[in-house]
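Before any comments, here is the structure.
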Amino acid sequence: MARELQPPQLLRGMKDILPSDQPYWWWIFDTARNLAECYGFDRIETPILEAASLFTRSVGDATDIVSKEMYTFTDKSGDNVSLRPEGTAGVTRAYIEHGMLNLPQPVKLWYFSPFFRHDRPQAGRYRQFWQFGFEVFGGQQAILEAQLILMARALYTSVGIETTLQINSIGDKTTRLQYAKALQAFLKSKKSELTDEQKITLQKNPLRLLDSKDPKIQELLVDAPQIIDSLDEVSQKHFQEVLGYLDELDVPFVLNPKLVRGLDYYNRTVFEFWAADDEGGQISLGGGGRYDTLVESLSGRPTPALGFAGGVERIILKLKEKQIPPRPIAAPEVFLAQLGDPARRKMLKLFEQLRSQGVRVAEAMTKDGIKQQLEVANKLGAHYTLIVGQKEMMDDTVLIRDMENGIQEEVPFNKVESELKKRLEKNRANGVTPVTGQVTLERLDKYKDDVPAEEEVPVPHDIDLDVE
RNA sequence: GUGGCUAUGGUGUAGUGGUAACACAGAGGCCUGUGGAGCCUUUAUCUCGGGUUCGAACCCCGAUAGCCACCCCA
């Protein structure tokens with residue numbers, strides 16, 4: 001019976017993050033974390049499951065994300081709940097619910113978490129996907145946009161991905177409404193050239209037509225009014241300030257009047273990062289903008305805010321595409337090899353001892369042969385192997401083998417720790433960093449020779465950081 | 001959600017109607033006393049279900065999944 005069943009299978013659009021990919025994930029996580037700390041962001045993790053209404057009220061129930069792609073169901077207590085499709089809503093809910101308005105403003109929060117959208121899967125697009133995000137509450141100044149953009153950019157450059165910053169301002173709700181009408185009016189005369197689907201979009205959400213990839217639409221839009229011309233004075237001034245900061249910091253950007261973004265809560269500045277070699281913005285690597293009315297629309301006290309989120313899988317996809325190797329996982333410093341059961345017991349103990357001293361130790365206690373164990377030690381990239389066999393048990397000694405050159409030295413067992421540390425210190429001083437890691441061996445071997453110099457994460461010295 | 005292409009060990013591939021081959025990786029061995037090399041053994045009901053045929057990895061239909069282009073977005 002059981003053998004007639006198929007083995008269990010990944011749900012469509014879901015993906016296991018396998019050991020071989022972990023170096024990429026750690027790298028991006030650490031880079032995001034490092035930047036978050038530099039820029040004064042504290043980590044927050046909100047639940048994956050939230051009330052469905054949170055998203056209909058924030059992202060907007062007319063948006064595709066909510067109306068077509070959200071996982072929503074009724075739970076056992078009859079509540080209408082959703083798997084979160086994005087991060088800002090939950091963080092904003094937490095900001096309000098925990099009274100963070102009483103903290104020194106701006107409040108800066110970051111996360112690195114999974115999200116869910118029931119979309120048709122493709123490369124770089126999954127139904128469960130990960131985003132890191134940075135949210136800033138309680139500041140209306142344009143410099144915050146500049147800083148957020150700087151930070152996001154630093155993340156891409158420090159993993160070696162070149163991006164173009166696409167930026168636009170969509171004004172406030174009134175201007176957007178007015179502009180939508182203007183755009184509708186403009187396209188009305190050309191309605192016959194639209195597909196049925198596009199006609200519906202024109203009715204429902206005309207701004208969405210702007211970033212359509214249909215060349216016909218783009219042609220029709222050549223003379224269309226631009227949202228940037230219908231901005232109110234304050235928004236216009238604000239946008240100019242943002243661009244001014246970017247100019248001053250030599251951040252290149254593309255003023256993209258067709259960038260609108262698909263979440264209702266955005267106002268004023270919106271931006272996206274596209275891979276530099278992807279002119280059409282086929283797969284956006286991240287995006288964000290201002291959402292000054294979101295806190296209020298979730299019944300919080302009016303609080304200007306802004307945020308950015310980047311897609312982890314998409315960055316990794318790009319890294320692989322560009323054959324940028326992940327930052328290697330540190331190899332073990334020492335490997336413990338044993339021959340015979342008494343030696344094995346002794347090594348088991350030594351392992352705990354060294355490990356608790358902060359030494360990176362590895363072993364293969366399940367293997368009996370010295371040859372097999374050295375093979376493993378070699379594969380792991382261990383710098384030294386300590387060997388204890390029958391002879392060493394008798395003499396109460398241990399062999400220290402340097403894996404680089406095969407030179408071995410016999411030392412009394414009670415001196416092993418100090419002897420080992422002496423050698424490790426020396427290596428650390430010489431800047432010898434092991435580059436191989438257990439799980440990514442074969443791939444890393446390929447890259448061993450062309451690991452790029454790690455770029456420093458830039459810290460903007462000329463800007464006051466808000467660190468609590 | 002719509003359209004197109006694809007599906008062979010863990011991975012990458014060969015086989016195009018006669019009963020699955022190669023490389024790499026894994027496990028074990030040659031070899032309880034020394035790694036990067038070598039040799040040997042071993043690892044597949046050809047994604048699943050149905051059909052055509054004496055015979056199907058191969059042809060047909062369906063399902064499923066992946067990829068690509070839309071839609072949309074991270």
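Order determines the names: the first chain of the structure tokens is A, the second B, and so forth; residues in each chain are numbered 1 upward, and ligands are numbered 1 upward as they are shown.
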Exercise for the section: Define the interface residues of chain A facing chain B as those within 8 Å, counting only C-alpha atoms (C1' of nucleotides), and report them as a PyMOL selection string. Expected result: chain A and resi 12+64-65+122-123+125+129-131+262+284-287+309-312+314+339-340+368-371+374-378+389+403
Exercise for the section: Find the residues around G55 (chain B) up to 12 Å (only C-alpha atoms (C1' of nucleotides) counted), leave out those fewer than 5 positions away in its own chain, and share them as a VMD selection string. Expected result: chain B and resid 17 to 19
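Of all the residues in region 121-152 of chain A, the ones DSSP labels as alpha helix (DSSP H) from the backbone are Ala142, Ile143, Leu144, Glu145, Ala146, Gln147, Leu148, Ile149, Leu150, Met151 and Ala152 of chain A.
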Practice task
Between CA of Gly124 (chain A) and CA of Trp274 (chain A), measure the distance and give it in Å to one decimal.
Solution key: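 Atom-to-atom, CA of Gly124 (chain A) to CA of Trp274 (chain A), that is 13.5 Å.
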Exercise for the section: Skip U47 (chain B) itself and residues of its chain fewer than 2 positions away, then list as a count of residues only all residues within 12 Å of it, counting only C-alpha atoms (C1' of nucleotides). Expected result: 11
Practice task
Provide the CA of Gly358 (chain A) to CA of Thr31 (chain A) distance in Å, to one decimal place.
Solution key: 23.3 Å
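CA of Gly289 (chain A) sits 10.3 Å away from CA of Leu263 (chain A).
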Problem - Residue neighbourhood Gln105 (chain A), 9 Å, only C-alpha atoms (C1' of nucleotides), exclusion window fewer than 2 positions, as a list in words - result: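 Near neighbours after the sequence-gap exclusion: Met100, Leu101, Asn102, Leu103, Val107, Lys108, Val136, Phe137, Gly138, Gly139 and Asp466 of chain A.
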Prev. selection, C-alpha atoms, output as a JSON list (two decimals), in the first residue's frame:
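So selection-v9.json came out as:
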```
[["chain", "number", "residue", "atom", "x", "y", "z"],
["A", 100, "MET", "CA", 6.47, 52.86, 19.49],
["A", 101, "LEU", "CA", 5.38, 56.40, 18.94],
["A", 102, "ASN", "CA", 6.65, 56.94, 22.48],
["A", 103, "LEU", "CA", 10.17, 55.96, 21.49],
["A", 107, "VAL", "CA", 12.05, 54.51, 14.90],
["A", 108, "LYS", "CA", 14.07, 52.33, 12.57],
["A", 136, "VAL", "CA", 11.61, 54.17, 9.24],
["A", 137, "PHE", "CA", 8.74, 55.66, 11.25],
["A", 138, "GLY", "CA", 8.31, 59.22, 12.39],
["A", 139, "GLY", "CA", 10.27, 61.36, 9.98],
["A", 466, "ASP", "CA", 20.09, 58.18, 14.70]]
```
Practice task
Do a neighbour search on Gln140 (chain A) at 8 Å with only C-alpha atoms (C1' of nucleotides), toss out local chain neighbours closer than 6 positions, and write the hits as a PyMOL selection string.
Solution key: chain A and resi 292+304-305
Practice task
Find the residues around Gln128 (chain A) up to 7 Å (only C-alpha atoms (C1' of nucleotides) counted), leave out those fewer than 6 positions away in its own chain, and share them as an MDAnalysis selection string.
Solution key: chainID A and resid 13:14 114:117
Take the selection from the previous step and output its residues with N, CA and C atoms, as an mmCIF file, in the first residue's frame.
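Contents of the output file result_12.cif:
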```
data_model
loop_
_atom_site.group_PDB
_atom_site.id
_atom_site.type_symbol
_atom_site.label_atom_id
_atom_site.label_comp_id
_atom_site.auth_asym_id
_atom_site.auth_seq_id
_atom_site.Cartn_x
_atom_site.Cartn_y
_atom_site.Cartn_z
ATOM 1 N N GLY A 13 5.877 26.113 -6.199
ATOM 2 C CA GLY A 13 6.371 27.450 -5.872
ATOM 3 C C GLY A 13 7.146 27.534 -4.577
ATOM 4 N N MET A 14 7.285 26.399 -3.881
ATOM 5 C CA MET A 14 8.052 26.383 -2.631
ATOM 6 C C MET A 14 9.450 25.874 -2.937
ATOM 7 N N PRO A 114 10.370 35.410 5.656
ATOM 8 C CA PRO A 114 9.646 34.838 4.520
ATOM 9 C C PRO A 114 8.272 35.469 4.308
ATOM 10 N N PHE A 115 7.869 35.558 3.062
ATOM 11 C CA PHE A 115 6.563 36.088 2.688
ATOM 12 C C PHE A 115 5.917 35.161 1.668
ATOM 13 N N PHE A 116 4.632 35.356 1.443
ATOM 14 C CA PHE A 116 3.880 34.403 0.622
ATOM 15 C C PHE A 116 2.994 35.106 -0.384
ATOM 16 N N ARG A 117 3.131 34.695 -1.627
ATOM 17 C CA ARG A 117 2.187 35.164 -2.632
ATOM 18 C C ARG A 117 1.884 34.021 -3.583
#
```
Exercise for the section: For Lys346 (chain A), please output as a PyMOL selection string all residues within 12 Å (counting only C-alpha atoms (C1' of nucleotides); exclusion window: fewer than 6 positions along the same chain). Expected result: chain A and resi 336-340+352-353+365+386-390+392-393+396-398+413-414
Problem - Picked from region 137-218 of chain A by DSSP as strand (DSSP E or B), as JSON, numbers by chain - result: {"A": [137, 163, 164, 165, 166, 167, 168, 169]}
